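Below is one structure; the comments refer to it alone.
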Amino acid sequence: MIYGNLLLEGYVHRSISCNHCGASPIRGFRFKCSNCVDFDLCESCEALNVHYKTHVFVKIRIPIPPLANPRNPLVPVIYPGNELEETANSYDLADLQAKTHFDHVELEAFYEQFRSLSTVDTEEGGINKETFEKCLGPLGLEKNLITERIFAFYDQDGDGIISFEELVCGLSILCKGSLDERIKYAFKGYDLDGDGYISREELRRMFKAYFRLSMELVRDVVRTMEEGMIDNFDDEATKPVSAAFSAPIPNHARSSGSDDNEDEEDHDESGENAKKMKEASAKGKKSANQSEPNGGVLLDAQRTESLDEGALMLLARDHPVPSSTSSRTPLPPGQMDEEQWPVMEAMSMEAIEEMVDRTFAAADALDKAKIDFDEFKKVVESDLNLLAWFESLGSVF
């Protein structure tokens with residue numbers, strides 16, 4: 001331990017001073033603000049929370065050459081909150097501890113997170129709808145019923161602002177709540193008109209929204225993977241060894257008469273093969289109108305008996321036989337998604353109708369238009385999939 005501290009003291013960040021205590025140069029770990037042009041703290045001052053709470057620090061051990069230090073912010077501000085300074089917690093954490101499944105230490109940490117996301121210009125602060133959508137990342141770019149219902153779940157008083165108490169109470173249910181607690185709030189989420197019942201149409205709308213949200217999650221993951229693959233793609237590894245030689249191979253002088261005779265024979269044979277390949281290609285093109293409906297060319301014994309391997313390869317090149325599984329030209333990924341989406345949506349609609357019927361059947365309510373809370377609870381206790389939409393965004397904060 002002592003040796004480790006002495007070793008850290010050996011790292012000297014020359015020309016870098018601590019903007020709080022004035023120590024110069026900074027020794028050991030240097031903390032550079034990634035959102036400011038030029039702001040540094042030593043290890044002792046960084047622990048005092050003396051800088052803007054929404055700014056992020058980079059921890060640097062090995063000194064950077066003084067003239068090579070960045071002269072611009074490294075990244076834009078990540079946290080959307082406008083709370084810059086330390087603010088005293090006006091909430092009764094003991095009361096919140098009794099209401100939630102969190103202890104005092106967890107609540108203090110949540111409060112700091114809440115203030116870094118708070119954009120409401122009041123003493124208590126708050127997270128508005130716009131900030132909530134930013135926290136959703138790519139899922140917040142388009143309106144979705146699921147995200148609307150999740151926001152409504154947190155915003156219990158319906159004023160359009162998520163307070164600190166609402167935030168921790170919501171997280172308590174999603175992260176540590178019992179099954180009964182989650183069923184209670186999931187039922188409220190399905191009950192779109194607030195009449196105390198869930199209709200078939202409400203189930204249908206929620207299932208459809210969850211399907212679209214799931215597809216967007218998959219697209220985002222695939223898009224990220226594709227970008228990583230493109231960045232790391234090395235086409236040189238797929239090329240043959242001969243690709244390394246760009247110069248033509250020279251013709252060597254013949255050293256004997258026998259070699260000359262063999263070359264002449266090879267030349268004659270290659271000439272005959274070329275003639276056969278041209279004839280085969282011409283025949284293939286001439287008979288294109290007599291080919292199969294899918295564009296493939298019929299190759300029978302009469303047409304191929306006089307052709308060698310080279311002629312057949314040329315014929316196959318000029319008249320490729322489409323795959324039996326698909327005759328369509330491959331499309332770029334984006335265009336493929338656009339064309340496949342209606343098909344996938346149609347398939348999902350069938351599955352959604354089946355899920356709605358199965359839910360009402362499990363509730364013994366096939367002859368009803370709506371189900372109540374007790375019937376819904378009975379279904380969920382045997383099939384937790386009905387809580388999937390409710391728990392899918394449990395980590396939004």
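Each chain in the structure tokens gets a letter, A, B and so on, in the order shown; residues start at 1 in every chain, and ligands are counted from 1 in the order they appear.
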Problem set entry | DSSP alpha helix (DSSP H) residues within region 122-172 of chain A, as JSON, numbers by chain | {"A": [129, 130, 131, 132, 133, 134, 135, 145, 146, 147, 148, 149, 150, 151, 152, 153, 154, 164, 165, 166, 167, 168, 169, 170, 171, 172]}
Problem set entry | Contacts of Leu393 (chain A) at 10 Å (only C-alpha atoms; same-chain gap of 3+ positions) as a ChimeraX atom specification | /A:136,146-147,150,174,388-390,396-397
For this session: Go through A:Leu107, A:Val120, A:Cys42, A:Ala47 and flag the residue nearest Leu171 (chain A), using only C-alpha atoms for the distances.
Result: A:Leu107
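Excluding His55 (chain A) itself and same-chain residues fewer than 4 positions from it, the residues having an atom within 8 Å of it are A:Cys33, A:Ser34, A:Asn35, A:His51, A:Val77, A:Ile78, A:Tyr79, counting only C-alpha atoms.
Of the residues under consideration (A:Ser392, A:Gln97, A:Asn385, A:Thr359), A:Thr359 shows the shortest atom-to-atom contact distance to Ile198 (chain A) when counting only C-alpha atoms.
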Problem set entry | Distance query Phe29 (chain A) at most 7 Å, only C-alpha atoms, self and fewer than 3 positions along chain excluded, as a PyMOL selection string | chain A and resi 42-43+59-61
For this session: Excluding Ala98 (chain A) and residues on its chain fewer than 2 positions from it, collect all residues at most 12 Å away from it, counting only C-alpha atoms, and give them as a PyMOL selection string.
Result: chain A and resi 92-96+100-104+107+165+168-169+172
Kindly export the residues of the current selection with N, CA, C and O atoms, as a CSV table (one decimal), in the first residue's frame.
chain,number,residue,atom,x,y,z
A,92,ASP,N,-37.3,14.0,3.0
A,92,ASP,CA,-37.1,13.2,4.2
A,92,ASP,C,-36.8,11.8,3.8
A,92,ASP,O,-37.7,11.0,3.4
A,93,LEU,N,-35.5,11.5,3.8
A,93,LEU,CA,-35.0,10.2,3.3
A,93,LEU,C,-35.5,9.0,4.2
A,93,LEU,O,-35.8,7.9,3.7
A,94,ALA,N,-35.7,9.3,5.5
A,94,ALA,CA,-36.2,8.3,6.4
A,94,ALA,C,-37.7,7.9,6.0
A,94,ALA,O,-38.1,6.7,6.0
A,95,ASP,N,-38.5,8.9,5.6
A,95,ASP,CA,-39.8,8.6,5.2
A,95,ASP,C,-39.8,7.8,3.9
A,95,ASP,O,-40.6,6.9,3.7
A,96,LEU,N,-38.9,8.2,2.9
A,96,LEU,CA,-38.8,7.5,1.7
A,96,LEU,C,-38.3,6.1,1.9
A,96,LEU,O,-38.7,5.2,1.1
A,100,THR,N,-40.3,2.8,0.4
A,100,THR,CA,-39.7,2.0,-0.7
A,100,THR,C,-38.9,0.8,-0.2
A,100,THR,O,-38.8,0.6,1.0
A,101,HIS,N,-38.2,0.1,-1.1
A,101,HIS,CA,-37.4,-1.0,-0.8
A,101,HIS,C,-35.9,-0.6,-0.7
A,101,HIS,O,-35.0,-1.5,-0.7
A,102,PHE,N,-35.6,0.7,-0.7
A,102,PHE,CA,-34.2,1.2,-0.8
A,102,PHE,C,-33.8,1.6,0.6
A,102,PHE,O,-34.6,2.1,1.4
A,103,ASP,N,-32.4,1.5,0.9
A,103,ASP,CA,-31.9,2.0,2.2
A,103,ASP,C,-31.4,3.4,2.0
A,103,ASP,O,-31.5,4.0,0.9
A,104,HIS,N,-30.9,4.0,3.1
A,104,HIS,CA,-30.6,5.4,3.1
A,104,HIS,C,-29.4,5.7,2.1
A,104,HIS,O,-29.5,6.7,1.4
A,107,LEU,N,-30.7,5.8,-1.4
A,107,LEU,CA,-31.6,7.0,-1.7
A,107,LEU,C,-30.7,8.2,-1.9
A,107,LEU,O,-31.0,9.0,-2.7
A,165,GLU,N,-39.4,11.9,-5.3
A,165,GLU,CA,-40.2,10.8,-4.6
A,165,GLU,C,-40.9,9.9,-5.6
A,165,GLU,O,-40.9,8.6,-5.4
A,168,VAL,N,-38.0,7.4,-7.1
A,168,VAL,CA,-37.6,6.3,-6.3
A,168,VAL,C,-38.7,5.3,-6.0
A,168,VAL,O,-38.5,4.1,-5.9
A,169,CYS,N,-39.9,5.8,-5.9
A,169,CYS,CA,-41.1,4.9,-5.7
A,169,CYS,C,-41.3,4.0,-6.9
A,169,CYS,O,-41.5,2.8,-6.8
A,172,SER,N,-38.4,1.6,-7.1
A,172,SER,CA,-38.6,0.5,-6.1
A,172,SER,C,-39.5,-0.6,-6.5
A,172,SER,O,-39.2,-1.8,-6.3
For this session: Using CA of Lys184 (chain A) and CA of Ile162 (chain A) as the two end points, give the distance in Å to one decimal.
Result: 19.7 Å
